[in-house]
$ cat final_3.txt   # compact mmCIF, C-alpha atoms
# COMPACT_ATOMS: atom_id res chain seq x y z
CA GLN K 1 104.41 63.49 62.67
CA ALA K 2 105.80 66.57 64.39
CA HIS K 3 103.37 68.29 66.67
CA SER K 4 103.33 72.04 67.25
CA SER K 5 101.35 73.44 70.17
CA THR K 6 99.61 76.78 70.25
CA VAL K 7 98.25 78.70 73.19
CA GLU K 8 94.74 77.41 72.46
CA GLU K 9 95.90 73.83 73.11
CA PHE K 10 96.97 74.55 76.68
CA PRO K 11 94.85 72.40 79.03
CA LYS K 12 91.75 74.02 80.44
CA PRO K 13 92.21 75.03 84.11
CA GLY K 14 90.71 72.79 86.72
CA THR K 15 90.64 69.45 84.95
CA GLU K 16 94.15 68.09 84.53
CA ALA K 17 96.55 69.13 87.29
CA ASP K 18 97.75 66.62 89.88
CA LEU K 19 96.96 68.76 92.93
CA CYS K 20 94.81 71.74 93.86
CA ILE K 21 95.22 74.37 96.55
CA VAL K 22 92.20 76.38 97.64
CA MET K 23 92.92 79.97 98.66
CA TYR K 24 90.34 80.04 101.43
CA GLY K 25 89.07 83.35 102.83
CA GLY K 26 86.69 82.17 105.56
CA GLY K 27 83.36 82.75 103.83
CA VAL K 28 80.67 80.55 102.36
CA THR K 29 82.00 80.79 98.79
CA SER K 30 85.40 79.61 100.05
CA TYR K 31 83.63 76.64 101.60
CA GLU K 32 81.81 75.81 98.37
CA ALA K 33 85.00 76.18 96.30
CA SER K 34 86.72 73.78 98.72
CA ARG K 35 83.86 71.29 98.52
CA ARG K 36 83.94 71.27 94.74
CA ALA K 37 87.73 71.01 94.69
CA ILE K 38 87.60 67.92 96.92
CA GLU K 39 84.88 66.40 94.77
CA ARG K 40 87.04 66.79 91.67
CA TYR K 41 90.52 66.11 93.03
CA GLY K 42 89.87 64.04 96.13
CA ARG K 43 90.89 64.86 99.70
CA GLU K 44 94.34 63.35 99.22
CA ASN K 45 95.10 65.83 96.39
CA THR K 46 93.44 68.93 97.87
CA GLU K 47 94.88 71.49 100.28
CA ILE K 48 93.06 74.45 101.82
CA TRP K 49 95.19 77.48 102.72
CA PHE K 50 93.87 80.21 105.00
CA ALA K 51 95.86 83.44 105.53
CA ASP K 52 94.88 84.83 108.94
CA THR K 53 95.14 88.63 109.12
CA LEU K 54 94.64 88.51 112.92
CA THR K 55 91.89 91.10 112.32
CA GLU K 56 89.18 88.51 111.74
CA ASP K 57 85.79 88.22 113.40
CA ARG K 58 85.89 85.61 116.18
CA ASP K 59 83.08 83.64 114.54
CA LEU K 60 85.24 83.02 111.48
CA TYR K 61 87.32 80.53 113.45
CA ARG K 62 84.19 78.68 114.56
CA PHE K 63 83.05 78.48 110.94
CA ASN K 64 86.47 77.18 109.86
CA ARG K 65 86.29 74.39 112.43
CA ASP K 66 82.82 73.46 111.22
CA VAL K 67 84.05 73.40 107.62
CA GLU K 68 86.95 71.13 108.57
CA LYS K 69 84.56 68.64 110.15
CA LEU K 70 82.09 68.84 107.29
CA LEU K 71 84.71 68.37 104.54
CA GLY K 72 86.95 66.00 106.45
CA ILE K 73 90.08 68.00 105.75
CA GLU K 74 92.30 70.26 107.86
CA ILE K 75 92.66 73.91 106.88
CA THR K 76 96.30 75.04 106.79
CA ARG K 77 96.58 78.39 108.57
CA PHE K 78 99.22 80.96 107.64
CA THR K 79 99.98 83.88 109.93
CA GLN K 80 102.70 86.50 109.78
CA GLY K 81 102.45 87.26 113.47
CA LYS K 82 101.02 90.72 112.84
CA ASP K 83 97.67 92.27 112.04
CA ILE K 84 96.89 94.90 109.42
CA TRP K 85 98.21 97.70 111.63
CA GLY K 86 101.48 95.85 112.10
CA VAL K 87 101.85 95.92 108.32
CA PHE K 88 100.95 99.61 108.04
CA PHE K 89 103.57 100.60 110.61
CA GLU K 90 106.16 98.27 109.13
CA GLN K 91 105.62 99.57 105.59
CA LYS K 92 105.07 103.17 106.74
CA ALA K 93 102.00 103.18 104.50
CA LEU K 94 98.29 103.14 105.25
CA GLY K 95 95.98 101.04 103.15
CA ASN K 96 93.23 102.88 101.30
CA SER K 97 90.86 102.46 98.35
CA ARG K 98 93.82 102.31 95.93
CA ILE K 99 96.46 100.26 97.75
CA ASP K 100 96.23 97.43 100.26
CA PRO K 101 99.59 96.57 101.84
CA CYS K 102 97.62 94.56 104.42
CA SER K 103 96.36 92.08 101.81
CA LYS K 104 99.68 92.07 99.98
CA PHE K 105 101.87 91.22 102.97
CA LEU K 106 99.43 89.13 105.01
CA LYS K 107 97.82 87.17 102.16
CA ARG K 108 99.09 87.44 98.61
CA LYS K 109 102.85 87.54 99.12
CA PRO K 110 103.22 84.81 101.78
CA LEU K 111 100.87 82.44 99.95
CA ARG K 112 102.54 83.08 96.62
CA ASP K 113 105.98 82.64 98.18
CA GLU K 114 104.85 79.28 99.55
CA LEU K 115 103.61 78.26 96.10
CA LYS K 116 106.91 79.26 94.48
CA SER K 117 108.88 77.42 97.13
CA ARG K 118 106.90 74.19 96.72
CA PHE K 119 106.43 74.30 92.96
CA CYS K 120 109.87 75.43 91.79
CA ASP K 121 110.30 72.92 88.94
CA TRP K 122 108.43 72.74 85.62
CA ARG K 123 106.52 70.16 83.62
CA CYS K 124 105.75 70.31 79.92
CA THR K 125 102.08 69.79 79.09
CA VAL K 126 102.98 68.54 75.60
CA CYS K 127 105.86 66.08 76.05
CA GLY K 128 105.37 65.49 79.78
CA THR K 129 109.00 66.18 80.67
CA HIS K 130 109.74 67.13 84.29
CA LEU K 131 112.27 69.97 84.11
CA THR K 132 114.48 70.70 87.10
CA VAL K 133 116.60 73.35 85.34
CA LYS K 134 115.56 76.78 84.18
CA PRO K 135 113.54 76.51 80.95
CA ILE K 136 113.83 78.70 77.88
CA ASP K 137 112.67 82.24 78.71
CA ILE K 138 110.54 83.83 76.00
CA ARG K 139 109.24 87.37 76.31
CA VAL K 140 107.76 90.13 74.16
CA MET K 141 106.61 93.66 74.81
CA SER K 142 102.82 93.70 75.08
CA GLY K 143 100.59 96.35 73.59
CA THR K 144 100.31 97.93 77.06
CA GLY K 145 104.07 98.46 77.33
CA LYS K 146 104.71 95.60 79.75
CA TRP K 147 106.68 92.43 79.18
CA ASP K 148 104.73 89.21 78.61
CA HIS K 149 106.57 86.01 79.52
CA LEU K 150 106.26 82.33 78.79
CA MET K 151 108.60 79.36 79.22
CA GLY K 152 109.79 77.12 76.39
CA CYS K 153 110.57 73.41 76.60
CA GLN K 154 114.06 72.35 75.54
CA ASN K 155 113.00 68.73 75.15
CA CYS K 156 110.27 69.76 72.67
CA ALA K 157 112.78 71.96 70.85
CA ASP K 158 115.07 68.95 70.42
CA SER K 159 112.33 66.61 69.20
CA ASP K 160 109.75 68.79 67.43
CA SER K 161 111.06 70.52 64.30
CA ALA K 162 108.04 72.83 63.94
CA TYR K 163 108.35 74.03 67.54
CA SER K 164 112.12 74.40 67.15
CA SER K 165 111.59 76.54 64.06
CA LEU K 166 109.31 78.90 66.02
CA LEU K 167 111.98 79.27 68.69
CA ASP K 168 114.60 80.00 66.03
CA ASP K 169 112.37 82.72 64.60
CA TYR K 170 111.97 84.18 68.08
CA GLU K 171 115.73 84.17 68.66
CA ALA K 172 116.26 86.06 65.40
CA LEU K 173 113.79 88.73 66.50
CA ARG K 174 115.46 88.96 69.90
CA GLU K 175 118.91 89.44 68.36
CA SER K 176 117.56 92.20 66.13
CA ASN K 177 115.91 93.95 69.13
CA ALA K 178 112.47 93.51 67.58
CA LEU K 179 110.60 92.11 70.57
CA ASP K 180 108.37 95.19 70.64
CA SER K 181 106.69 94.46 67.33
CA ASP K 182 103.48 92.93 66.00
CA GLU K 183 105.57 90.19 64.40
CA ALA K 184 107.04 89.26 67.78
CA ARG K 185 103.65 89.31 69.50
CA LEU K 186 102.13 87.08 66.81
CA LEU K 187 105.03 84.65 67.09
CA PHE K 188 104.65 84.67 70.87
CA SER K 189 101.03 83.54 70.57
CA ARG K 190 102.00 80.83 68.06
CA ILE K 191 104.68 79.44 70.36
CA GLY K 192 102.15 79.16 73.16
CA GLU K 193 102.60 78.25 76.80
CA ARG K 194 103.67 74.64 77.40
CA LEU K 195 105.18 74.64 80.85
CA GLU K 196 103.51 74.64 84.23
CA PRO K 197 105.13 74.98 87.65
CA ALA K 198 105.66 71.57 89.25
CA ASP K 199 106.88 70.29 92.58
CA ARG K 200 109.99 68.13 93.11
CA GLU K 201 107.96 65.07 92.11
CA GLY K 202 106.82 66.70 88.88
CA ARG K 203 103.24 67.25 90.07
CA THR K 204 101.37 70.29 88.80
CA VAL K 205 98.87 72.35 90.76
CA ARG K 206 95.71 74.38 90.30
CA VAL K 207 95.13 77.46 92.44
CA VAL K 208 91.45 77.46 93.41
CA LEU K 209 89.58 80.71 94.07
CA GLY K 210 86.00 81.12 95.25
CA MET K 211 84.95 83.77 92.74
CA ASP K 212 82.56 83.57 89.84
CA LYS K 213 82.81 85.59 86.66
CA ILE K 214 79.17 86.60 86.72
CA ASP K 215 79.43 88.37 90.08
CA ASP K 216 82.69 90.14 89.31
CA CYS K 217 84.45 89.42 86.04
CA ARG K 218 87.14 92.05 86.49
CA ARG K 219 88.01 90.74 89.94
CA SER K 220 88.57 87.21 88.66
CA ILE K 221 90.66 88.41 85.71
CA ARG K 222 92.96 90.40 88.01
CA ALA K 223 93.26 87.36 90.26
CA GLU K 224 94.26 85.13 87.33
CA LEU K 225 96.97 87.57 86.26
CA SER K 226 98.31 87.94 89.79
CA PHE K 227 98.92 84.20 90.14
CA LEU K 228 100.76 83.66 86.86
CA PRO K 229 102.54 81.38 85.98
CA PHE K 230 100.25 79.29 88.22
CA ARG K 231 96.95 78.38 86.62
CA VAL K 232 93.73 79.35 88.39
CA TRP K 233 90.49 77.39 88.52
CA PHE K 234 87.17 79.03 89.49
CA PRO K 235 84.96 76.08 90.52
CA LEU K 236 82.02 78.36 91.31
CA ASP K 237 81.97 79.30 87.63
CA ASP K 238 82.45 75.75 86.34
CA PRO K 239 79.70 74.55 83.96
CA GLU K 240 79.89 71.09 85.54
CA TRP K 241 78.15 72.46 88.64
CA GLY K 242 76.81 75.81 87.47
CA VAL K 243 77.17 79.16 89.21
CA ALA K 244 76.97 78.99 93.00
CA PHE K 245 75.10 81.86 94.59
CA LYS K 246 75.69 82.69 98.25
CA GLU K 247 72.05 82.30 99.23
CA LYS K 248 71.97 78.74 97.89
CA ILE K 249 75.26 77.84 99.61
CA MET K 250 73.92 79.18 102.90
CA GLU K 251 70.75 77.12 102.52
CA ASP K 252 72.79 73.97 101.88
CA LEU K 253 74.95 74.64 104.93
CA LYS K 254 71.89 75.18 107.11
CA ILE K 255 70.46 71.83 105.97
CA GLN K 256 73.70 70.21 107.11
CA GLY K 257 73.50 71.91 110.50
CA ILE K 258 76.23 74.50 109.87
CA ARG K 259 75.59 78.07 110.95
CA THR K 260 76.92 80.61 108.47
CA PRO K 261 79.40 83.27 109.67
CA ARG K 262 77.70 85.95 111.71
CA LEU K 263 79.09 88.84 109.62
CA TYR K 264 76.56 87.96 106.91
CA GLU K 265 73.77 88.24 109.46
CA LEU K 266 75.19 91.62 110.50
CA GLY K 267 74.85 92.91 106.94
CA PHE K 268 78.36 92.47 105.57
CA LYS K 269 79.01 91.03 102.12
CA HIS K 270 81.98 88.85 103.05
CA ASN K 271 83.61 87.31 106.11
CA ASN K 272 87.03 88.97 106.04
CA CYS K 273 88.90 91.20 108.47
CA GLY K 274 85.96 91.31 110.86
CA GLY K 275 83.98 93.57 108.53
CA PHE K 276 86.69 96.24 108.45
CA CYS K 277 88.34 96.86 105.08
CA VAL K 278 90.55 99.68 103.83
CA LYS K 279 88.88 99.43 100.41
CA ALA K 280 85.37 99.66 101.79
CA GLY K 281 83.39 102.83 101.26
CA LEU K 282 82.29 105.22 103.98
CA GLY K 283 78.89 103.56 104.09
CA GLN K 284 80.32 100.19 105.13
CA ILE K 285 82.61 101.75 107.73
CA ALA K 286 79.73 103.79 109.16
CA HIS K 287 77.79 100.51 109.38
CA TYR K 288 80.84 98.91 111.01
CA TYR K 289 80.83 101.68 113.65
CA LYS K 290 77.18 101.05 114.48
CA ILE K 291 77.66 97.26 114.67
CA LYS K 292 81.11 97.13 116.31
CA PRO K 293 81.73 100.45 118.12
CA GLU K 294 84.47 99.07 120.38
CA GLU K 295 86.44 97.61 117.49
CA TYR K 296 85.92 100.81 115.51
CA ALA K 297 87.37 102.76 118.45
CA GLU K 298 90.50 100.59 118.38
CA HIS K 299 91.02 101.19 114.65
CA GLU K 300 90.44 104.91 115.22
CA ARG K 301 93.09 104.90 117.95
CA LYS K 302 95.58 103.05 115.75
CA GLU K 303 95.01 105.43 112.86
CA GLN K 304 95.81 108.44 115.04
CA GLU K 305 98.86 106.61 116.38
CA PHE K 306 100.01 106.04 112.81
CA ARG K 307 99.45 109.70 111.90
CA ASP K 308 101.63 110.72 114.85
CA PHE K 309 104.21 108.10 113.82
CA VAL K 310 104.64 109.41 110.25
CA GLY K 311 103.93 113.05 111.06
CA ARG K 312 101.60 113.55 108.09
CA ASP K 313 97.92 114.27 107.50
CA VAL K 314 97.03 110.82 106.22
CA SER K 315 94.00 108.59 106.70
CA ILE K 316 92.54 105.35 105.43
CA PHE K 317 89.38 106.95 104.10
CA SER K 318 88.81 110.20 102.24
CA LYS K 319 86.17 112.70 101.24
CA THR K 320 85.83 114.64 98.02
CA VAL K 321 85.64 118.42 98.24
CA ASP K 322 85.35 120.46 95.02
CA GLY K 323 86.42 117.40 93.04
CA LYS K 324 89.52 116.83 95.14
CA LYS K 325 90.06 113.97 97.59
CA THR K 326 91.12 114.99 101.08
CA PRO K 327 91.80 112.85 104.18
CA MET K 328 88.82 111.73 106.26
CA THR K 329 90.08 110.36 109.56
CA MET K 330 88.08 107.75 111.42
CA ARG K 331 87.67 110.25 114.25
CA THR K 332 86.14 112.81 111.87
CA LEU K 333 83.88 110.17 110.36
CA ARG K 334 82.70 109.08 113.80
CA LYS K 335 81.89 112.68 114.77
CA ARG K 336 79.83 113.10 111.61
CA ILE K 337 77.95 109.87 112.28
CA GLU K 338 77.25 110.90 115.87
CA ALA K 339 75.98 114.25 114.59
CA GLY K 340 73.34 112.38 112.63
CA GLU K 341 74.86 112.36 109.14
CA GLU K 342 73.78 109.35 107.07
CA PHE K 343 76.19 107.37 104.93
CA LYS K 344 74.48 105.06 102.48
CA PHE K 345 75.54 101.46 102.95
CA GLU K 346 75.11 99.13 100.00
CA PRO K 347 76.84 95.85 100.83
CA SER K 348 77.88 95.14 97.26
CA LEU K 349 81.66 95.30 97.55
CA GLU K 350 83.26 91.88 97.16
CA CYS K 351 86.57 91.09 98.84
CA GLN K 352 89.47 92.43 96.77
CA CYS K 353 92.34 90.70 98.62
CA PHE K 354 93.17 88.29 95.80
CA SER K 355 92.46 90.66 92.91
CA PRO K 356 95.25 93.26 93.13
CA THR K 357 95.91 95.96 90.58
CA GLU K 358 99.59 95.04 90.42
CA VAL K 359 100.70 91.98 88.42
CA ALA K 360 102.59 89.07 89.91
CA GLN K 361 106.36 89.29 90.16

$ encode --input "final_3.txt" --output "structure tokens"
Amino acid sequence: QAHSSTVEEFPKPGTEADLCIVMYGGGVTSYEASRRAIERYGRENTEIWFADTLTEDRDLYRFNRDVEKLLGIEITRFTQGKDIWGVFFEQKALGNSRIDPCSKFLKRKPLRDELKSRFCDWRCTVCGTHLTVKPIDIRVMSGTGKWDHLMGCQNCADSDSAYSSLLDDYEALRESNALDSDEARLLFSRIGERLEPADREGRTVRVVLGMDKIDDCRRSIRAELSFLPFRVWFPLDDPEWGVAFKEKIMEDLKIQGIRTPRLYELGFKHNNCGGFCVKAGLGQIAHYYKIKPEEYAEHERKEQEFRDFVGRDVSIFSKTVDGKKTPMTMRTLRKRIEAGEEFKFEPSLECQCFSPTEVAQ
């Protein structure tokens, strides 16, 4: 009997791929995601990738070494040979609350490029065929005005009459320039996604992220979209284990004799970029100045150097005057702090490095 797949039949992330790769950020949730990934996939099928921004707190590297010993697996370190300021000067663009070229070029792009290089073939989740040639490209215009893509399996088209009929219907809509229609979008969902990226041996992969959908649902959704066509698994949100809260992870690490990264003790929410983040609010950066004045001074110096370099009144942070955002240099912010102005610090911002606003290319 011919079998026709729909999008609902696509395997659930996290349970059926051959390999998993943890996108590790250096914090306790990254550790717990790695631990759960190893428990499910085994050490031999798990990799841990760490993108070093060269702006990290020194204690992060100590924590990474402890994690390697505890989990019995080596963390693969990626570095682009430049820190966040190297990226800003290279791109002639400062990061701010809206854009983060630092995360894009030091984390997302190099790690995604490595994924695409390794997993450049395809495997069909229905017929199991390992495809080494470009599959059938199927696309429709989404309701938001952007193209949605999926890949079709030629082997299924040759052997499954129902699936082949759906592809014929799609081709007719394409030839009549009707891909921006409700009919095309409905057909797109009926065809469903069958193919996953695979390596040269036909093995599929799960991208593992240490987020949970309770803490930040929007962040995890953006992350999923940014990694397409790779499938993402959130082990901290997996019902098999239940939601993992940071406090509980820290307690478990302490029991095992592992000291948590010192940035948490210093009041920061996550262990990235040494506590400095272009998307952080003024409260966190004011806190950063009080905790790390020497490092703040270096960022302040580099910001002024960048302003001189581009010859424009730009800054990482901003202030709102009469409803309009205007630049707030780190020098100006420091002067206001030293004058006694208080900036409320609520360490609630989660790391946004893997949840960009732009979609994957």

$ atom_distance --input "final_3.txt" --atom1 "atom CA of Cys102 of chain K" --atom2 "atom CA of Lys302 of chain K"
14.3 Å

$ closest_atom_pairs --input "final_3.txt" --of "segment 191-223 of chain K" --to "segment 13-33 of chain K" --cutoff "9 Å" --atoms "all atoms listed in the file" --output "tab-separated table"
residue	atom	partner	partner_atom	distance
K:Arg203	CA	K:Asp18	CA	5.5
K:Thr204	CA	K:Ala17	CA	5.2
K:Val205	CA	K:Leu19	CA	4.6
K:Arg206	CA	K:Cys20	CA	4.5
K:Val207	CA	K:Ile21	CA	5.1
K:Val208	CA	K:Val22	CA	4.4
K:Leu209	CA	K:Met23	CA	5.7
K:Gly210	CA	K:Ser30	CA	5.1
K:Met211	CA	K:Thr29	CA	7.4

$ atom_distance --input "final_3.txt" --atom1 "atom CA of Ile191 of chain K" --atom2 "atom CA of Gly128 of chain K"
16.8 Å

$ residues_around --input "final_3.txt" --residues "Tyr289 of chain K" --least-positions-apart "3" --cutoff "10 Å" --atoms "only C-alpha atoms" --output "list of chain:residue names"
K:Phe276, K:Gly283, K:Gln284, K:Ile285, K:Ala286, K:Lys292, K:Pro293, K:Glu294, K:Glu295, K:Tyr296, K:Ala297, K:Met330, K:Leu333, K:Arg334, K:Ile337

$ atom_distance --input "final_3.txt" --atom1 "atom CA of Leu179 of chain K" --atom2 "atom CA of Ala198 of chain K"
28.2 Å

$ residues_around --input "final_3.txt" --residues "Ala280 of chain K" --least-positions-apart "5" --cutoff "9 Å" --atoms "all atoms listed in the file" --output "tab-separated table (two decimals) with C-alpha atoms, in the frame of the given file"
chain	number	residue	atom	x	y	z
K	96	ASN	CA	93.23	102.88	101.30
K	97	SER	CA	90.86	102.46	98.35
K	285	ILE	CA	82.61	101.75	107.73
K	317	PHE	CA	89.38	106.95	104.10
K	349	LEU	CA	81.66	95.30	97.55

$ residues_around --input "final_3.txt" --residues "Glu68 of chain K" --least-positions-apart "4" --cutoff "12 Å" --atoms "only C-alpha atoms" --output "ChimeraX atom specification"
/K:24,26,31,34-35,43,47-50,61-64,72-76,258

$ residues_around --input "final_3.txt" --residues "Leu167 of chain K" --least-positions-apart "4" --cutoff "8 Å" --atoms "all atoms listed in the file" --output "PyMOL selection string"
chain K and resi 157+163+171+191

$ residues_around --input "final_3.txt" --residues "Asp212 of chain K" --least-positions-apart "6" --cutoff "10 Å" --atoms "all atoms listed in the file" --output "number ranges by chain"
K: 29, 219-220, 234-238, 242-245

$ closest_residue --input "final_3.txt" --among "K:Ser161, K:Ser142, K:Gln304, K:Gln256" --to "Phe89 of chain K" --atoms "all atoms listed in the file"
K:Gln304

$ closest_residue --input "final_3.txt" --among "K:Ala339, K:Ala162, K:Leu94, K:Cys153" --to "Thr129 of chain K" --atoms "only C-alpha atoms"
K:Cys153
